[in-house]
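Have a look at data.cif; it's mmCIF, N, CA and C atoms:
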```cif
data_model
#
loop_
_atom_site.label_atom_id
_atom_site.label_comp_id
_atom_site.auth_asym_id
_atom_site.auth_seq_id
_atom_site.Cartn_x
_atom_site.Cartn_y
_atom_site.Cartn_z
N MET P 1 0.84 -1.17 0.00
CA MET P 1 0.00 0.00 0.00
C MET P 1 0.89 1.24 0.00
N LYS P 2 0.58 2.17 -0.86
CA LYS P 2 1.38 3.39 -0.98
C LYS P 2 1.02 4.37 0.13
N PRO P 3 2.02 4.87 0.87
CA PRO P 3 1.73 5.81 1.96
C PRO P 3 1.26 7.16 1.43
N LEU P 4 0.46 7.85 2.23
CA LEU P 4 -0.03 9.18 1.92
C LEU P 4 0.85 10.19 2.63
N ARG P 5 1.34 11.19 1.91
CA ARG P 5 2.19 12.20 2.52
C ARG P 5 1.30 13.26 3.18
N VAL P 6 1.44 13.38 4.51
CA VAL P 6 0.68 14.37 5.28
C VAL P 6 1.53 15.61 5.49
N ALA P 7 2.77 15.43 5.82
CA ALA P 7 3.72 16.52 5.98
C ALA P 7 5.07 15.96 5.55
N GLU P 8 6.06 16.80 5.40
CA GLU P 8 7.34 16.32 4.91
C GLU P 8 7.91 15.19 5.75
N GLU P 9 7.75 15.27 7.08
CA GLU P 9 8.34 14.27 7.95
C GLU P 9 7.35 13.20 8.40
N ALA P 10 6.10 13.28 7.98
CA ALA P 10 5.09 12.33 8.47
C ALA P 10 4.44 11.60 7.31
N MET P 11 4.26 10.32 7.48
CA MET P 11 3.60 9.51 6.46
C MET P 11 2.45 8.76 7.14
N VAL P 12 1.35 8.58 6.41
CA VAL P 12 0.19 7.88 6.94
C VAL P 12 -0.20 6.80 5.94
N THR P 13 -0.47 5.61 6.43
CA THR P 13 -1.00 4.55 5.59
C THR P 13 -2.29 4.05 6.20
N SER P 14 -3.19 3.54 5.37
CA SER P 14 -4.42 3.01 5.95
C SER P 14 -4.04 1.80 6.78
N SER P 15 -4.79 1.58 7.83
CA SER P 15 -4.39 0.61 8.83
C SER P 15 -5.24 -0.65 8.78
N THR P 16 -4.60 -1.78 8.96
CA THR P 16 -5.34 -3.02 9.15
C THR P 16 -5.40 -3.33 10.64
N LYS P 17 -4.87 -2.41 11.47
CA LYS P 17 -4.87 -2.61 12.92
C LYS P 17 -6.20 -2.24 13.56
N ASP P 18 -6.98 -1.38 12.92
CA ASP P 18 -8.25 -0.95 13.48
C ASP P 18 -9.28 -2.07 13.41
N GLU P 19 -10.11 -2.15 14.43
CA GLU P 19 -11.21 -3.11 14.44
C GLU P 19 -12.27 -2.66 13.43
N ILE P 20 -13.14 -3.57 13.01
CA ILE P 20 -14.21 -3.20 12.08
C ILE P 20 -15.13 -2.19 12.75
N LEU P 21 -15.53 -2.48 13.99
CA LEU P 21 -16.31 -1.52 14.76
C LEU P 21 -15.37 -0.72 15.64
N SER P 22 -15.78 0.46 16.01
CA SER P 22 -14.95 1.30 16.87
C SER P 22 -14.62 0.58 18.16
N LYS P 23 -13.37 0.64 18.55
CA LYS P 23 -12.93 0.00 19.79
C LYS P 23 -13.30 0.85 21.00
N PHE P 24 -13.29 2.16 20.82
CA PHE P 24 -13.62 3.10 21.89
C PHE P 24 -14.85 3.90 21.47
N HIS P 25 -15.55 4.43 22.48
CA HIS P 25 -16.79 5.14 22.21
C HIS P 25 -16.81 6.49 22.91
N ILE P 26 -17.67 7.35 22.45
CA ILE P 26 -17.77 8.71 22.99
C ILE P 26 -18.00 8.65 24.49
N GLY P 27 -17.21 9.43 25.21
CA GLY P 27 -17.31 9.50 26.67
C GLY P 27 -16.42 8.52 27.40
N GLN P 28 -15.81 7.59 26.68
CA GLN P 28 -14.98 6.57 27.33
C GLN P 28 -13.63 7.17 27.72
N LYS P 29 -13.16 6.81 28.91
CA LYS P 29 -11.87 7.28 29.40
C LYS P 29 -10.77 6.39 28.82
N VAL P 30 -9.73 7.02 28.27
CA VAL P 30 -8.65 6.29 27.61
C VAL P 30 -7.29 6.82 28.07
N ARG P 31 -6.25 6.02 27.83
CA ARG P 31 -4.87 6.42 28.14
C ARG P 31 -4.05 6.28 26.87
N LEU P 32 -3.16 7.23 26.67
CA LEU P 32 -2.26 7.22 25.52
C LEU P 32 -1.13 6.23 25.77
N VAL P 33 -0.87 5.32 24.84
CA VAL P 33 0.18 4.31 25.03
C VAL P 33 1.49 4.68 24.33
N LYS P 34 1.45 5.71 23.50
CA LYS P 34 2.68 6.19 22.87
C LYS P 34 2.59 7.70 22.69
N ASP P 35 3.73 8.36 22.69
CA ASP P 35 3.75 9.82 22.53
C ASP P 35 3.08 10.22 21.22
N ILE P 36 2.37 11.34 21.26
CA ILE P 36 1.82 11.93 20.04
C ILE P 36 2.75 13.07 19.64
N ARG P 37 3.25 12.98 18.41
CA ARG P 37 4.11 14.02 17.87
C ARG P 37 3.35 14.80 16.80
N ASN P 38 3.71 16.04 16.65
CA ASN P 38 3.07 16.86 15.63
C ASN P 38 3.46 16.36 14.24
N ASP P 39 2.45 15.97 13.47
CA ASP P 39 2.69 15.50 12.11
C ASP P 39 2.56 16.62 11.08
N GLY P 40 2.47 17.84 11.58
CA GLY P 40 2.32 19.00 10.70
C GLY P 40 0.91 19.55 10.68
N THR P 41 -0.01 18.87 11.37
CA THR P 41 -1.40 19.32 11.37
C THR P 41 -1.73 20.22 12.57
N PHE P 42 -0.82 20.34 13.53
CA PHE P 42 -1.02 21.22 14.68
C PHE P 42 -0.15 22.45 14.47
N PRO P 43 -0.76 23.61 14.26
CA PRO P 43 0.00 24.80 13.85
C PRO P 43 0.84 25.47 14.93
N TYR P 44 0.66 25.10 16.20
CA TYR P 44 1.34 25.81 17.28
C TYR P 44 2.55 25.07 17.83
N ALA P 45 3.05 24.10 17.09
CA ALA P 45 4.24 23.36 17.50
C ALA P 45 5.01 22.96 16.25
N LYS P 46 6.30 22.73 16.41
CA LYS P 46 7.13 22.30 15.29
C LYS P 46 6.80 20.86 14.92
N VAL P 47 6.97 20.52 13.67
CA VAL P 47 6.75 19.15 13.22
C VAL P 47 7.72 18.23 13.96
N GLY P 48 7.19 17.14 14.50
CA GLY P 48 8.00 16.20 15.26
C GLY P 48 8.01 16.45 16.76
N GLU P 49 7.57 17.62 17.19
CA GLU P 49 7.55 17.95 18.61
C GLU P 49 6.47 17.12 19.32
N ILE P 50 6.79 16.66 20.55
CA ILE P 50 5.81 15.88 21.33
C ILE P 50 4.70 16.80 21.81
N LEU P 51 3.45 16.41 21.49
CA LEU P 51 2.28 17.18 21.91
C LEU P 51 1.67 16.62 23.19
N VAL P 52 1.59 15.29 23.29
CA VAL P 52 1.04 14.62 24.46
C VAL P 52 1.92 13.40 24.73
N LYS P 53 2.26 13.21 25.99
CA LYS P 53 3.14 12.09 26.36
C LYS P 53 2.36 10.82 26.66
N ALA P 54 3.00 9.68 26.41
CA ALA P 54 2.41 8.39 26.74
C ALA P 54 2.06 8.38 28.22
N GLY P 55 0.91 7.82 28.55
CA GLY P 55 0.44 7.77 29.93
C GLY P 55 -0.59 8.83 30.25
N ASP P 56 -0.69 9.89 29.43
CA ASP P 56 -1.70 10.91 29.66
C ASP P 56 -3.09 10.31 29.43
N GLU P 57 -4.05 10.79 30.20
CA GLU P 57 -5.41 10.28 30.12
C GLU P 57 -6.36 11.33 29.59
N GLY P 58 -7.41 10.86 28.94
CA GLY P 58 -8.41 11.77 28.40
C GLY P 58 -9.71 11.04 28.13
N PHE P 59 -10.65 11.76 27.52
CA PHE P 59 -11.96 11.21 27.20
C PHE P 59 -12.21 11.34 25.70
N VAL P 60 -12.79 10.29 25.11
CA VAL P 60 -13.12 10.32 23.69
C VAL P 60 -14.29 11.27 23.49
N ARG P 61 -14.10 12.26 22.64
CA ARG P 61 -15.15 13.23 22.34
C ARG P 61 -15.91 12.88 21.08
N ASP P 62 -15.22 12.26 20.11
CA ASP P 62 -15.85 11.95 18.83
C ASP P 62 -15.04 10.86 18.15
N VAL P 63 -15.67 10.17 17.22
CA VAL P 63 -15.01 9.15 16.43
C VAL P 63 -15.27 9.48 14.97
N GLY P 64 -14.22 9.53 14.18
CA GLY P 64 -14.38 9.87 12.78
C GLY P 64 -13.40 9.12 11.90
N ASP P 65 -13.40 9.47 10.64
CA ASP P 65 -12.50 8.86 9.67
C ASP P 65 -11.73 9.93 8.93
N PHE P 66 -10.47 9.66 8.69
CA PHE P 66 -9.62 10.53 7.89
C PHE P 66 -9.50 9.88 6.52
N LEU P 67 -9.86 10.60 5.49
CA LEU P 67 -9.84 10.10 4.12
C LEU P 67 -10.64 8.81 3.96
N GLN P 68 -11.65 8.63 4.77
CA GLN P 68 -12.57 7.50 4.73
C GLN P 68 -11.88 6.14 4.93
N THR P 69 -10.66 6.13 5.39
CA THR P 69 -9.96 4.86 5.57
C THR P 69 -9.30 4.72 6.93
N ILE P 70 -9.04 5.82 7.60
CA ILE P 70 -8.27 5.79 8.84
C ILE P 70 -9.15 6.29 9.98
N ARG P 71 -9.45 5.42 10.96
CA ARG P 71 -10.28 5.83 12.10
C ARG P 71 -9.47 6.72 13.02
N VAL P 72 -10.07 7.83 13.41
CA VAL P 72 -9.42 8.79 14.30
C VAL P 72 -10.38 9.09 15.45
N TYR P 73 -9.83 9.00 16.66
CA TYR P 73 -10.59 9.31 17.87
C TYR P 73 -10.20 10.71 18.32
N GLU P 74 -11.18 11.57 18.49
CA GLU P 74 -10.94 12.91 19.01
C GLU P 74 -10.93 12.80 20.52
N VAL P 75 -9.75 13.00 21.13
CA VAL P 75 -9.59 12.79 22.57
C VAL P 75 -9.24 14.11 23.25
N ASN P 76 -9.99 14.41 24.31
CA ASN P 76 -9.73 15.60 25.12
C ASN P 76 -8.79 15.19 26.25
N PHE P 77 -7.53 15.60 26.12
CA PHE P 77 -6.54 15.33 27.16
C PHE P 77 -6.57 16.49 28.13
N MET P 78 -7.10 16.23 29.32
CA MET P 78 -7.29 17.30 30.31
C MET P 78 -5.97 17.95 30.70
N GLY P 79 -4.93 17.14 30.90
CA GLY P 79 -3.64 17.68 31.32
C GLY P 79 -3.00 18.56 30.26
N ALA P 80 -3.20 18.22 29.00
CA ALA P 80 -2.60 18.99 27.90
C ALA P 80 -3.45 20.20 27.54
N ASN P 81 -4.70 20.22 28.03
CA ASN P 81 -5.62 21.31 27.75
C ASN P 81 -5.87 21.48 26.25
N HIS P 82 -5.82 20.36 25.52
CA HIS P 82 -6.08 20.37 24.08
C HIS P 82 -6.81 19.10 23.69
N ILE P 83 -7.37 19.13 22.50
CA ILE P 83 -8.04 17.97 21.93
C ILE P 83 -7.20 17.53 20.73
N TYR P 84 -6.84 16.22 20.70
CA TYR P 84 -6.01 15.70 19.62
C TYR P 84 -6.68 14.49 18.98
N GLY P 85 -6.36 14.26 17.74
CA GLY P 85 -6.81 13.07 17.04
C GLY P 85 -5.84 11.93 17.31
N CYS P 86 -6.37 10.76 17.68
CA CYS P 86 -5.54 9.59 17.99
C CYS P 86 -6.01 8.40 17.18
N ARG P 87 -5.06 7.56 16.84
CA ARG P 87 -5.36 6.30 16.17
C ARG P 87 -5.69 5.25 17.23
N GLU P 88 -6.38 4.21 16.81
CA GLU P 88 -6.82 3.16 17.73
C GLU P 88 -5.65 2.51 18.47
N PHE P 89 -4.56 2.25 17.77
CA PHE P 89 -3.42 1.56 18.39
C PHE P 89 -2.64 2.46 19.34
N GLU P 90 -2.96 3.75 19.39
CA GLU P 90 -2.28 4.68 20.29
C GLU P 90 -2.98 4.78 21.65
N LEU P 91 -4.15 4.13 21.80
CA LEU P 91 -4.97 4.27 22.99
C LEU P 91 -5.25 2.93 23.66
N GLU P 92 -5.52 3.01 24.96
CA GLU P 92 -6.02 1.84 25.68
C GLU P 92 -7.16 2.32 26.58
N ALA P 93 -8.14 1.46 26.80
CA ALA P 93 -9.31 1.81 27.61
C ALA P 93 -8.96 1.79 29.09
N LEU P 94 -9.47 2.76 29.82
CA LEU P 94 -9.32 2.80 31.27
C LEU P 94 -10.61 2.40 31.97
N GLU P 95 -11.69 2.35 31.21
CA GLU P 95 -12.99 1.97 31.76
C GLU P 95 -13.53 0.80 30.96
N GLU P 96 -14.38 0.05 31.60
CA GLU P 96 -15.06 -1.03 30.90
C GLU P 96 -15.95 -0.41 29.83
N ASP P 97 -16.11 -1.10 28.74
CA ASP P 97 -16.91 -0.59 27.63
C ASP P 97 -18.39 -0.81 27.92
N VAL P 98 -19.00 0.14 28.61
CA VAL P 98 -20.41 0.01 28.95
C VAL P 98 -21.30 0.21 27.73
N TYR P 99 -20.79 0.87 26.72
CA TYR P 99 -21.57 1.10 25.50
C TYR P 99 -21.99 -0.22 24.89
N GLN P 100 -21.07 -1.19 24.78
CA GLN P 100 -21.40 -2.48 24.17
C GLN P 100 -22.47 -3.19 24.98
N GLN P 101 -22.41 -3.08 26.31
CA GLN P 101 -23.43 -3.69 27.15
C GLN P 101 -24.79 -3.05 26.89
N GLU P 102 -24.81 -1.73 26.71
CA GLU P 102 -26.06 -1.02 26.43
C GLU P 102 -26.66 -1.47 25.11
N VAL P 103 -25.81 -1.66 24.11
CA VAL P 103 -26.28 -2.12 22.80
C VAL P 103 -26.90 -3.51 22.92
N GLU P 104 -26.22 -4.40 23.64
CA GLU P 104 -26.74 -5.76 23.82
C GLU P 104 -28.08 -5.74 24.57
N GLU P 105 -28.20 -4.90 25.59
CA GLU P 105 -29.45 -4.78 26.34
C GLU P 105 -30.57 -4.24 25.45
N GLU P 106 -30.24 -3.25 24.63
CA GLU P 106 -31.24 -2.67 23.74
C GLU P 106 -31.70 -3.69 22.69
N LEU P 107 -30.77 -4.44 22.13
CA LEU P 107 -31.14 -5.46 21.15
C LEU P 107 -32.01 -6.55 21.77
N ALA P 108 -31.71 -6.94 23.01
CA ALA P 108 -32.53 -7.93 23.71
C ALA P 108 -33.94 -7.38 23.93
N TRP P 109 -34.06 -6.10 24.31
CA TRP P 109 -35.37 -5.49 24.52
C TRP P 109 -36.15 -5.46 23.21
N ILE P 110 -35.49 -5.08 22.11
CA ILE P 110 -36.16 -5.03 20.80
C ILE P 110 -36.67 -6.42 20.42
N LYS P 111 -35.87 -7.44 20.65
CA LYS P 111 -36.28 -8.81 20.33
C LYS P 111 -37.52 -9.20 21.14
N ARG P 112 -37.51 -8.92 22.46
CA ARG P 112 -38.67 -9.22 23.30
C ARG P 112 -39.90 -8.45 22.85
N HIS P 113 -39.71 -7.19 22.50
CA HIS P 113 -40.81 -6.34 22.05
C HIS P 113 -41.43 -6.89 20.76
N ARG P 114 -40.60 -7.29 19.82
CA ARG P 114 -41.11 -7.85 18.56
C ARG P 114 -41.86 -9.15 18.79
N GLU P 115 -41.37 -9.99 19.70
CA GLU P 115 -42.06 -11.22 20.03
C GLU P 115 -43.43 -10.94 20.63
N THR P 116 -43.50 -9.94 21.52
CA THR P 116 -44.76 -9.54 22.13
C THR P 116 -45.72 -9.02 21.07
N GLN P 117 -45.21 -8.21 20.16
CA GLN P 117 -46.05 -7.67 19.09
C GLN P 117 -46.60 -8.78 18.19
N SER P 118 -45.76 -9.77 17.87
CA SER P 118 -46.18 -10.89 17.03
C SER P 118 -47.29 -11.70 17.72
N LYS P 119 -47.13 -11.94 19.03
CA LYS P 119 -48.14 -12.69 19.79
C LYS P 119 -49.46 -11.93 19.85
N GLN P 120 -49.40 -10.60 19.96
CA GLN P 120 -50.62 -9.81 20.01
C GLN P 120 -51.34 -9.83 18.67
N LYS P 121 -50.59 -9.82 17.57
CA LYS P 121 -51.21 -9.87 16.24
C LYS P 121 -51.86 -11.22 15.98
N GLU P 122 -51.24 -12.28 16.52
CA GLU P 122 -51.79 -13.63 16.34
C GLU P 122 -53.07 -13.81 17.13
N SER P 123 -53.24 -13.10 18.24
CA SER P 123 -54.42 -13.26 19.11
C SER P 123 -55.65 -12.60 18.56
#
```

Produce structure tokens that represent the structure in this file.
Amino acid sequence: MKPLRVAEEAMVTSSTKDEILSKFHIGQKVRLVKDIRNDGTFPYAKVGEILVKAGDEGFVRDVGDFLQTIRVYEVNFMGANHIYGCREFELEALEEDVYQQEVEEELAWIKRHRETQSKQKES
């Protein structure tokens, strides 16, 4: 796969590391597992300068895609007082993924509701 040039010193390739579904969800607390360096998209620091250090914690504000191929998590790092885009492999969850449990509960409720509706129509 041919890399995409983002800045002179930074290269981006689409990732096979990302899960099909988002690994993290809005509001989830996460920790950075590797330093984030400026790839040229942050105008207030030199390219290559460390913006956020590994171990810093934050909350996922949004989940999006860059060029429709690369999942990016918008994370608010409280200590850095900034919001940065992070790749999935740069983060680890600090909280249990309650979102997935909510989805499973909602799907179970929908299934029960449809069964009830079917029984009422048959009666």

Open item on the list: Suppose a student applies the PyMOL selection byres ((chain P and resi 21-36) around 6.5) to this structure; what residues should they get, written as a VMD selection string?
Closed with: chain P and resid 18 to 20 37 to 38 49 to 63 89 to 95

Task: Contacts of P:Phe66 at 10 Å (only C-alpha atoms; same-chain gap of 4+ positions) as number ranges by chain - done: P: 14, 70-72, 85

Open item on the list: One decimal, in Å: what's the spacing between atom CA of P:Val47 and atom CA of P:Thr69?
Closed with: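 According to the coordinates, atom CA of P:Val47 and atom CA of P:Thr69 are separated by 23.3 Å.
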
Open item on the list: Between atom C of P:Tyr73 and atom CA of P:Lys46, what is the distance in Å, rounded to a tenth?
Closed with: 21.1 Å

Task: Length of the atom C of P:Arg87 to atom N of P:Phe42 vector [Å] - done: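 According to the coordinates, atom C of P:Arg87 and atom N of P:Phe42 are separated by 16.3 Å.
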
Task: Residues flagged strand (DSSP E) by DSSP in stretch 44-76 of chain P, as a list in words - done: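 After running DSSP on the backbone, stretch 44-76 of chain P has strand (DSSP E) at Ile50, Leu51, Val52, Glu57, Gly58, Phe59, Val60, Arg61, Asp62, Val63, Gly64, Asp65, Phe66, Ile70, Arg71, Val72, Tyr73, Glu74, Val75 and Asn76 of chain P.
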
Box along x, y and z, 4 Å on every side, all listed atoms of stretch 55-60 of chain P inside: centre and edge lengths in Å to one decimal, as JSON.
```
{"center_x": -6.7, "center_y": 9.8, "center_z": 26.9, "size_x": 23.2, "size_y": 12.0, "size_z": 14.8}
```
